[in-house]
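The block underneath contains the structure these notes are about, expressed in structure tokens.
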Amino acid sequence: MELSAGYQFEPRAKSVTIAKVILALSFVLPYLFDYRSPETFDSLMIYAPIWVLQRRGNLVVGGPTPMALVMFQFWLPYVLIGYQAYRYANGRLSSERSYLRSVILLTLVAILLMLPMLFIPIGSMGDDVPIYSLILPIPIIPVLALLSVRLLRPTKIEVPWSEELDTSEQESDTESFLVE
């Protein structure tokens with residue numbers, strides 16, 4: 001896994017384990033908060049890639065759902081952040097700066113994808129009064145990815161030269177050493 005500028009990164013076992021946990025959590029932790037006021041539906045929903053939790057009035061329901069297949073564009077950036085953490089821990093990104101840029105960019109993409117949901121009404125009540133939801137992203141995974149940057153950092157190994165010695169040069173060096 002040699003990277004640019006003659007550096008080679010060696011992953012640390014602890015870093016890779018932490019990155020795998022972040023990647024697994026990106027499928028489990030919530031990413032979206034949806035609230036509808038008591039004047040409309042009195043509903044609160046929390047979405048995660050593989051489950052949904054809903055409170056409507058006094059009733060609370062939740063569990064695994066295929067809703068993630070429909071809403072993949074909202075949670076996909078968060079899963080990609082988990083994958084970037086895994087790539088960074090394995091030394092497959094060229095620098096810490098590129099890792100931080102990718103996490104910030106993916107977070108902005110996730111927020112931008114959710115913005116239209118704030119301005120599209122979910123229904124209307126009498127006299128065509130539109131009903132809007134309060135939709136907020138929950139950036140747990142980006143925060144974890146940014147806070148664990150130092151823990152994920154692979155070991156940087158400096159390579160003393162970029163070209164390997166030819167086998168004929170190695171043999172002649174060995175012969176001269178044996179003759180002396």
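Residue names in the structure tokens use chain letters A, B, ... in the order shown, residue numbers from 1 in each chain, and ligand numbers from 1 in the order shown.
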
*Skip Val149 (chain A) itself and residues of its chain fewer than 2 positions away, then list as a PyMOL selection string all residues within 9 Å of it, counting only C-alpha atoms.*
chain A and resi 85+88-89+96+99-100+144-147+151-153

Neighbouring residues of region 11-23 of chain A were defined as those with any atom within 10 Å, considering only C-alpha atoms; residues of the same chain fewer than 4 positions away were excluded. Please report them as a PDB file with N, CA and C atoms, in the first residue's frame.
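Dumped to around-v3.pdb:
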ATOM      1  N   MET A   1       0.818  -1.183   0.000  1.00  0.00           N
ATOM      2  CA  MET A   1       0.000   0.000   0.000  1.00  0.00           C
ATOM      3  C   MET A   1       0.864   1.250   0.000  1.00  0.00           C
ATOM      4  N   PHE A  27     -24.524   2.069  10.383  1.00  0.00           N
ATOM      5  CA  PHE A  27     -25.749   1.382   9.980  1.00  0.00           C
ATOM      6  C   PHE A  27     -26.791   1.355  11.098  1.00  0.00           C
ATOM      7  N   VAL A  28     -26.374   1.588  12.335  1.00  0.00           N
ATOM      8  CA  VAL A  28     -27.259   1.418  13.486  1.00  0.00           C
ATOM      9  C   VAL A  28     -27.703   2.745  14.111  1.00  0.00           C
ATOM     10  N   LEU A  29     -26.830   3.731  14.148  1.00  0.00           N
ATOM     11  CA  LEU A  29     -27.155   4.995  14.813  1.00  0.00           C
ATOM     12  C   LEU A  29     -28.124   5.836  13.981  1.00  0.00           C
ATOM     13  N   TYR A  78     -23.695   9.071   5.489  1.00  0.00           N
ATOM     14  CA  TYR A  78     -23.200   8.698   6.810  1.00  0.00           C
ATOM     15  C   TYR A  78     -22.479   7.354   6.783  1.00  0.00           C
ATOM     16  N   VAL A  79     -22.990   6.422   5.999  1.00  0.00           N
ATOM     17  CA  VAL A  79     -22.318   5.131   5.847  1.00  0.00           C
ATOM     18  C   VAL A  79     -20.996   5.311   5.102  1.00  0.00           C
ATOM     19  N   LEU A  80     -20.971   6.198   4.123  1.00  0.00           N
ATOM     20  CA  LEU A  80     -19.721   6.479   3.416  1.00  0.00           C
ATOM     21  C   LEU A  80     -18.687   7.114   4.341  1.00  0.00           C
ATOM     22  N   ILE A  81     -19.132   7.905   5.307  1.00  0.00           N
ATOM     23  CA  ILE A  81     -18.203   8.455   6.301  1.00  0.00           C
ATOM     24  C   ILE A  81     -17.593   7.321   7.118  1.00  0.00           C
ATOM     25  N   GLY A  82     -18.408   6.344   7.510  1.00  0.00           N
ATOM     26  CA  GLY A  82     -17.881   5.175   8.221  1.00  0.00           C
ATOM     27  C   GLY A  82     -16.884   4.404   7.372  1.00  0.00           C
ATOM     28  N   TYR A  83     -17.163   4.300   6.084  1.00  0.00           N
ATOM     29  CA  TYR A  83     -16.242   3.615   5.178  1.00  0.00           C
ATOM     30  C   TYR A  83     -14.944   4.408   5.014  1.00  0.00           C
ATOM     31  N   GLN A  84     -15.040   5.732   4.956  1.00  0.00           N
ATOM     32  CA  GLN A  84     -13.834   6.563   4.867  1.00  0.00           C
ATOM     33  C   GLN A  84     -12.971   6.396   6.118  1.00  0.00           C
ATOM     34  N   ALA A  85     -13.593   6.271   7.274  1.00  0.00           N
ATOM     35  CA  ALA A  85     -12.833   6.027   8.507  1.00  0.00           C
ATOM     36  C   ALA A  85     -12.078   4.703   8.399  1.00  0.00           C
ATOM     37  N   TYR A  86     -12.724   3.696   7.846  1.00  0.00           N
ATOM     38  CA  TYR A  86     -12.081   2.394   7.662  1.00  0.00           C
ATOM     39  C   TYR A  86     -10.918   2.504   6.669  1.00  0.00           C
ATOM     40  N   ARG A  87     -11.122   3.222   5.574  1.00  0.00           N
ATOM     41  CA  ARG A  87     -10.048   3.415   4.586  1.00  0.00           C
ATOM     42  C   ARG A  87      -8.871   4.166   5.189  1.00  0.00           C
ATOM     43  N   TYR A  88      -9.163   5.186   5.972  1.00  0.00           N
ATOM     44  CA  TYR A  88      -8.096   5.982   6.584  1.00  0.00           C
ATOM     45  C   TYR A  88      -7.294   5.143   7.570  1.00  0.00           C
ATOM     46  N   ALA A  89      -7.973   4.344   8.377  1.00  0.00           N
ATOM     47  CA  ALA A  89      -7.270   3.503   9.349  1.00  0.00           C
ATOM     48  C   ALA A  89      -6.397   2.455   8.670  1.00  0.00           C
ATOM     49  N   ASN A  90      -6.796   2.007   7.488  1.00  0.00           N
ATOM     50  CA  ASN A  90      -6.006   1.024   6.742  1.00  0.00           C
ATOM     51  C   ASN A  90      -4.901   1.650   5.910  1.00  0.00           C
ATOM     52  N   GLY A  91      -4.782   2.977   5.945  1.00  0.00           N
ATOM     53  CA  GLY A  91      -3.717   3.647   5.210  1.00  0.00           C
ATOM     54  C   GLY A  91      -3.999   3.835   3.741  1.00  0.00           C
ATOM     55  N   ARG A  92      -5.252   3.775   3.340  1.00  0.00           N
ATOM     56  CA  ARG A  92      -5.592   3.911   1.927  1.00  0.00           C
ATOM     57  C   ARG A  92      -5.951   5.342   1.528  1.00  0.00           C
ATOM     58  N   ILE A 141     -22.394  10.126  13.468  1.00  0.00           N
ATOM     59  CA  ILE A 141     -21.270   9.475  12.786  1.00  0.00           C
ATOM     60  C   ILE A 141     -20.207  10.483  12.363  1.00  0.00           C
ATOM     61  N   PRO A 142     -20.567  11.636  11.760  1.00  0.00           N
ATOM     62  CA  PRO A 142     -19.511  12.605  11.437  1.00  0.00           C
ATOM     63  C   PRO A 142     -18.755  13.098  12.665  1.00  0.00           C
ATOM     64  N   LEU A 144     -18.277  11.407  15.485  1.00  0.00           N
ATOM     65  CA  LEU A 144     -17.397  10.304  15.894  1.00  0.00           C
ATOM     66  C   LEU A 144     -16.177  10.212  14.980  1.00  0.00           C
ATOM     67  N   ALA A 145     -16.404  10.363  13.688  1.00  0.00           N
ATOM     68  CA  ALA A 145     -15.295  10.265  12.725  1.00  0.00           C
ATOM     69  C   ALA A 145     -14.285  11.391  12.922  1.00  0.00           C
ATOM     70  N   SER A 148     -12.333  10.920  16.369  1.00  0.00           N
ATOM     71  CA  SER A 148     -11.428   9.771  16.439  1.00  0.00           C
ATOM     72  C   SER A 148     -10.311   9.823  15.402  1.00  0.00           C
ATOM     73  N   VAL A 149     -10.090  10.979  14.805  1.00  0.00           N
ATOM     74  CA  VAL A 149      -9.071  11.097  13.761  1.00  0.00           C
ATOM     75  C   VAL A 149      -7.690  10.690  14.261  1.00  0.00           C
ATOM     76  N   ARG A 150      -7.333  11.068  15.450  1.00  0.00           N
ATOM     77  CA  ARG A 150      -6.012  10.712  16.002  1.00  0.00           C
ATOM     78  C   ARG A 150      -5.919   9.226  16.324  1.00  0.00           C
ATOM     79  N   LEU A 151      -7.036   8.630  16.723  1.00  0.00           N
ATOM     80  CA  LEU A 151      -7.035   7.206  17.027  1.00  0.00           C
ATOM     81  C   LEU A 151      -6.955   6.349  15.765  1.00  0.00           C
ATOM     82  N   LEU A 152      -7.479   6.876  14.670  1.00  0.00           N
ATOM     83  CA  LEU A 152      -7.507   6.124  13.416  1.00  0.00           C
ATOM     84  C   LEU A 152      -6.222   6.235  12.616  1.00  0.00           C
ATOM     85  N   ARG A 153      -5.387   7.199  12.944  1.00  0.00           N
ATOM     86  CA  ARG A 153      -4.196   7.482  12.145  1.00  0.00           C
ATOM     87  C   ARG A 153      -3.303   6.249  12.023  1.00  0.00           C
ATOM     88  N   PRO A 154      -2.981   5.846  10.779  1.00  0.00           N
ATOM     89  CA  PRO A 154      -2.049   4.727  10.594  1.00  0.00           C
ATOM     90  C   PRO A 154      -0.613   5.186  10.839  1.00  0.00           C
ATOM     91  N   THR A 155       0.262   4.227  11.026  1.00  0.00           N
ATOM     92  CA  THR A 155       1.671   4.534  11.239  1.00  0.00           C
ATOM     93  C   THR A 155       2.302   4.882   9.900  1.00  0.00           C
ATOM     94  N   LYS A 156       3.016   5.999   9.861  1.00  0.00           N
ATOM     95  CA  LYS A 156       3.671   6.428   8.629  1.00  0.00           C
ATOM     96  C   LYS A 156       5.102   5.908   8.645  1.00  0.00           C
TER      97      LYS A 156
END

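Excluding Met71 (chain A) and any residue on its chain fewer than 3 positions from it, the residues at most 12 Å away by only C-alpha atoms are Tyr31, Leu32, Tyr47, Ala48, Pro49, Ile50, Trp51, Val52, Thr65, Pro66, Met67, Ala68, Phe74, Trp75, Leu76, Pro77, Ala110, Leu113, Met114 and Met117 of chain A.
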
_According to DSSP computed on the backbone, where in chain A is there strand (DSSP E or B)? Give the residues as a ChimeraX atom specification._
/A:2,7-10,32-36,43-47,51-56,59-64,123-125,129-131,134-137,155-158

*Quick one: distance from CA of Ser26 (chain A) to CA of Leu136 (chain A) in Å, one decimal?*
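For CA of Ser26 (chain A) relative to CA of Leu136 (chain A), the distance reads 17.1 Å.
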
*Find the residue from A:Pro30, A:Val60, A:Val143, A:Asp128 that sits nearest to Leu44 (chain A); use only C-alpha atoms when measuring.*
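Checking each of A:Pro30, A:Val60, A:Val143, A:Asp128 against Leu44 (chain A), counting only C-alpha atoms, the winner is A:Val60.
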
*asked:* Would you pick out the contacts of Ile122 (chain A) at 8 Å or less, using only C-alpha atoms, so that residues sharing its chain but fewer than 5 positions from it are not included, and give the list as a ChimeraX atom specification?
replied: /A:130-133

*Which of A:Arg97, A:Arg56, A:Met125, A:Ser102 sits closest to Asp42 (chain A) [using only C-alpha atoms]*: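 Of the candidates, the smallest distance to Asp42 (chain A) is held by A:Arg56.
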
*So, counting only C-alpha atoms, which residue among A:Asp34, A:Glu10, A:Pro137, A:Ser43 is closest to Leu112 (chain A)?*
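Comparing A:Asp34, A:Glu10, A:Pro137, A:Ser43 against Leu112 (chain A), the winner is A:Pro137.
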
*Could you check how far CA of Val61 (chain A) sits from CA of Tyr35 (chain A), in Å to one decimal?*
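Between CA of Val61 (chain A) and CA of Tyr35 (chain A) the gap works out to 15.0 Å.
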
*Could you work out how far CA of Gln73 (chain A) lies from CA of Thr107 (chain A), giving the answer in Å with one decimal?*
12.5 Å

*Output as a VMD selection string all residues of chain A that backbone DSSP marks as helix (DSSP H, G or I).*
chain A and resid 4 to 6 13 to 28 67 to 70 72 to 89 96 to 119 140 to 147 149 to 152 167 to 179

Okay, now the selection with C-alpha atoms, as a PDB file, in the first residue's frame?
ATOM      1  CA  SER A   4       2.530   9.295  -2.878  1.00  0.00           C
ATOM      2  CA  ALA A   5       5.749  11.072  -1.894  1.00  0.00           C
ATOM      3  CA  GLY A   6       7.556   7.867  -0.965  1.00  0.00           C
ATOM      4  CA  ALA A  13      -4.738  -3.125  14.745  1.00  0.00           C
ATOM      5  CA  LYS A  14      -6.409  -0.811  17.272  1.00  0.00           C
ATOM      6  CA  SER A  15      -7.123   1.797  14.573  1.00  0.00           C
ATOM      7  CA  VAL A  16      -8.688  -0.742  12.252  1.00  0.00           C
ATOM      8  CA  THR A  17     -10.870  -2.070  15.082  1.00  0.00           C
ATOM      9  CA  ILE A  18     -12.089   1.439  15.932  1.00  0.00           C
ATOM     10  CA  ALA A  19     -12.800   2.101  12.241  1.00  0.00           C
ATOM     11  CA  LYS A  20     -14.801  -1.131  11.957  1.00  0.00           C
ATOM     12  CA  VAL A  21     -16.874  -0.062  14.974  1.00  0.00           C
ATOM     13  CA  ILE A  22     -17.552   3.339  13.382  1.00  0.00           C
ATOM     14  CA  LEU A  23     -18.552   1.639  10.123  1.00  0.00           C
ATOM     15  CA  ALA A  24     -20.899  -0.753  11.957  1.00  0.00           C
ATOM     16  CA  LEU A  25     -22.395   2.117  13.970  1.00  0.00           C
ATOM     17  CA  SER A  26     -23.106   4.021  10.756  1.00  0.00           C
ATOM     18  CA  PHE A  27     -25.749   1.382   9.980  1.00  0.00           C
ATOM     19  CA  VAL A  28     -27.259   1.418  13.486  1.00  0.00           C
ATOM     20  CA  MET A  67     -37.924   2.151   4.904  1.00  0.00           C
ATOM     21  CA  ALA A  68     -34.139   2.366   4.554  1.00  0.00           C
ATOM     22  CA  LEU A  69     -34.418   1.040   1.005  1.00  0.00           C
ATOM     23  CA  VAL A  70     -36.605   4.011   0.134  1.00  0.00           C
ATOM     24  CA  PHE A  72     -31.072   5.481   1.136  1.00  0.00           C
ATOM     25  CA  GLN A  73     -30.047   8.876  -0.242  1.00  0.00           C
ATOM     26  CA  PHE A  74     -30.351  10.360   3.263  1.00  0.00           C
ATOM     27  CA  TRP A  75     -28.273   7.795   5.160  1.00  0.00           C
ATOM     28  CA  LEU A  76     -25.794   6.825   2.447  1.00  0.00           C
ATOM     29  CA  PRO A  77     -23.428   9.778   3.165  1.00  0.00           C
ATOM     30  CA  TYR A  78     -23.200   8.698   6.810  1.00  0.00           C
ATOM     31  CA  VAL A  79     -22.318   5.131   5.847  1.00  0.00           C
ATOM     32  CA  LEU A  80     -19.721   6.479   3.416  1.00  0.00           C
ATOM     33  CA  ILE A  81     -18.203   8.455   6.301  1.00  0.00           C
ATOM     34  CA  GLY A  82     -17.881   5.175   8.221  1.00  0.00           C
ATOM     35  CA  TYR A  83     -16.242   3.615   5.178  1.00  0.00           C
ATOM     36  CA  GLN A  84     -13.834   6.563   4.867  1.00  0.00           C
ATOM     37  CA  ALA A  85     -12.833   6.027   8.507  1.00  0.00           C
ATOM     38  CA  TYR A  86     -12.081   2.394   7.662  1.00  0.00           C
ATOM     39  CA  ARG A  87     -10.048   3.415   4.586  1.00  0.00           C
ATOM     40  CA  TYR A  88      -8.096   5.982   6.584  1.00  0.00           C
ATOM     41  CA  ALA A  89      -7.270   3.503   9.349  1.00  0.00           C
ATOM     42  CA  GLU A  96      -5.242  13.206   7.408  1.00  0.00           C
ATOM     43  CA  ARG A  97      -6.308  16.333   5.555  1.00  0.00           C
ATOM     44  CA  SER A  98      -7.977  14.341   2.768  1.00  0.00           C
ATOM     45  CA  TYR A  99      -9.793  12.258   5.389  1.00  0.00           C
ATOM     46  CA  LEU A 100     -11.079  15.380   7.157  1.00  0.00           C
ATOM     47  CA  ARG A 101     -12.126  16.935   3.848  1.00  0.00           C
ATOM     48  CA  SER A 102     -14.055  13.833   2.825  1.00  0.00           C
ATOM     49  CA  VAL A 103     -15.887  13.662   6.178  1.00  0.00           C
ATOM     50  CA  ILE A 104     -16.847  17.348   6.007  1.00  0.00           C
ATOM     51  CA  LEU A 105     -17.901  17.087   2.355  1.00  0.00           C
ATOM     52  CA  LEU A 106     -20.066  14.021   2.977  1.00  0.00           C
ATOM     53  CA  THR A 107     -21.666  15.714   5.991  1.00  0.00           C
ATOM     54  CA  LEU A 108     -22.532  18.747   3.853  1.00  0.00           C
ATOM     55  CA  VAL A 109     -23.990  16.460   1.172  1.00  0.00           C
ATOM     56  CA  ALA A 110     -26.163  14.730   3.796  1.00  0.00           C
ATOM     57  CA  ILE A 111     -27.443  18.074   5.092  1.00  0.00           C
ATOM     58  CA  LEU A 112     -28.072  19.411   1.580  1.00  0.00           C
ATOM     59  CA  LEU A 113     -30.069  16.293   0.699  1.00  0.00           C
ATOM     60  CA  MET A 114     -32.298  16.846   3.741  1.00  0.00           C
ATOM     61  CA  LEU A 115     -32.944  20.551   3.137  1.00  0.00           C
ATOM     62  CA  PRO A 116     -35.737  20.076   0.560  1.00  0.00           C
ATOM     63  CA  MET A 117     -37.685  18.054   3.119  1.00  0.00           C
ATOM     64  CA  LEU A 118     -38.035  21.206   5.232  1.00  0.00           C
ATOM     65  CA  PHE A 119     -39.739  23.117   2.436  1.00  0.00           C
ATOM     66  CA  ILE A 140     -23.483  11.336  15.268  1.00  0.00           C
ATOM     67  CA  ILE A 141     -21.270   9.475  12.786  1.00  0.00           C
ATOM     68  CA  PRO A 142     -19.511  12.605  11.437  1.00  0.00           C
ATOM     69  CA  VAL A 143     -18.792  13.748  14.990  1.00  0.00           C
ATOM     70  CA  LEU A 144     -17.397  10.304  15.894  1.00  0.00           C
ATOM     71  CA  ALA A 145     -15.295  10.265  12.725  1.00  0.00           C
ATOM     72  CA  LEU A 146     -13.863  13.718  13.425  1.00  0.00           C
ATOM     73  CA  LEU A 147     -13.206  13.055  17.117  1.00  0.00           C
ATOM     74  CA  VAL A 149      -9.071  11.097  13.761  1.00  0.00           C
ATOM     75  CA  ARG A 150      -6.012  10.712  16.002  1.00  0.00           C
ATOM     76  CA  LEU A 151      -7.035   7.206  17.027  1.00  0.00           C
ATOM     77  CA  LEU A 152      -7.507   6.124  13.416  1.00  0.00           C
ATOM     78  CA  THR A 167      19.786  -8.516  -8.244  1.00  0.00           C
ATOM     79  CA  SER A 168      23.138  -8.295 -10.075  1.00  0.00           C
ATOM     80  CA  GLU A 169      24.237  -5.410  -7.825  1.00  0.00           C
ATOM     81  CA  GLN A 170      23.137  -7.342  -4.753  1.00  0.00           C
ATOM     82  CA  GLU A 171      25.092 -10.418  -5.886  1.00  0.00           C
ATOM     83  CA  SER A 172      28.245  -8.421  -6.597  1.00  0.00           C
ATOM     84  CA  ASP A 173      28.005  -6.753  -3.181  1.00  0.00           C
ATOM     85  CA  THR A 174      27.595 -10.156  -1.554  1.00  0.00           C
ATOM     86  CA  GLU A 175      30.561 -11.623  -3.502  1.00  0.00           C
ATOM     87  CA  SER A 176      32.832  -8.699  -2.628  1.00  0.00           C
ATOM     88  CA  PHE A 177      31.867  -9.098   1.020  1.00  0.00           C
ATOM     89  CA  LEU A 178      32.648 -12.824   0.957  1.00  0.00           C
ATOM     90  CA  VAL A 179      36.015 -12.296  -0.804  1.00  0.00           C
TER      91      VAL A 179
END
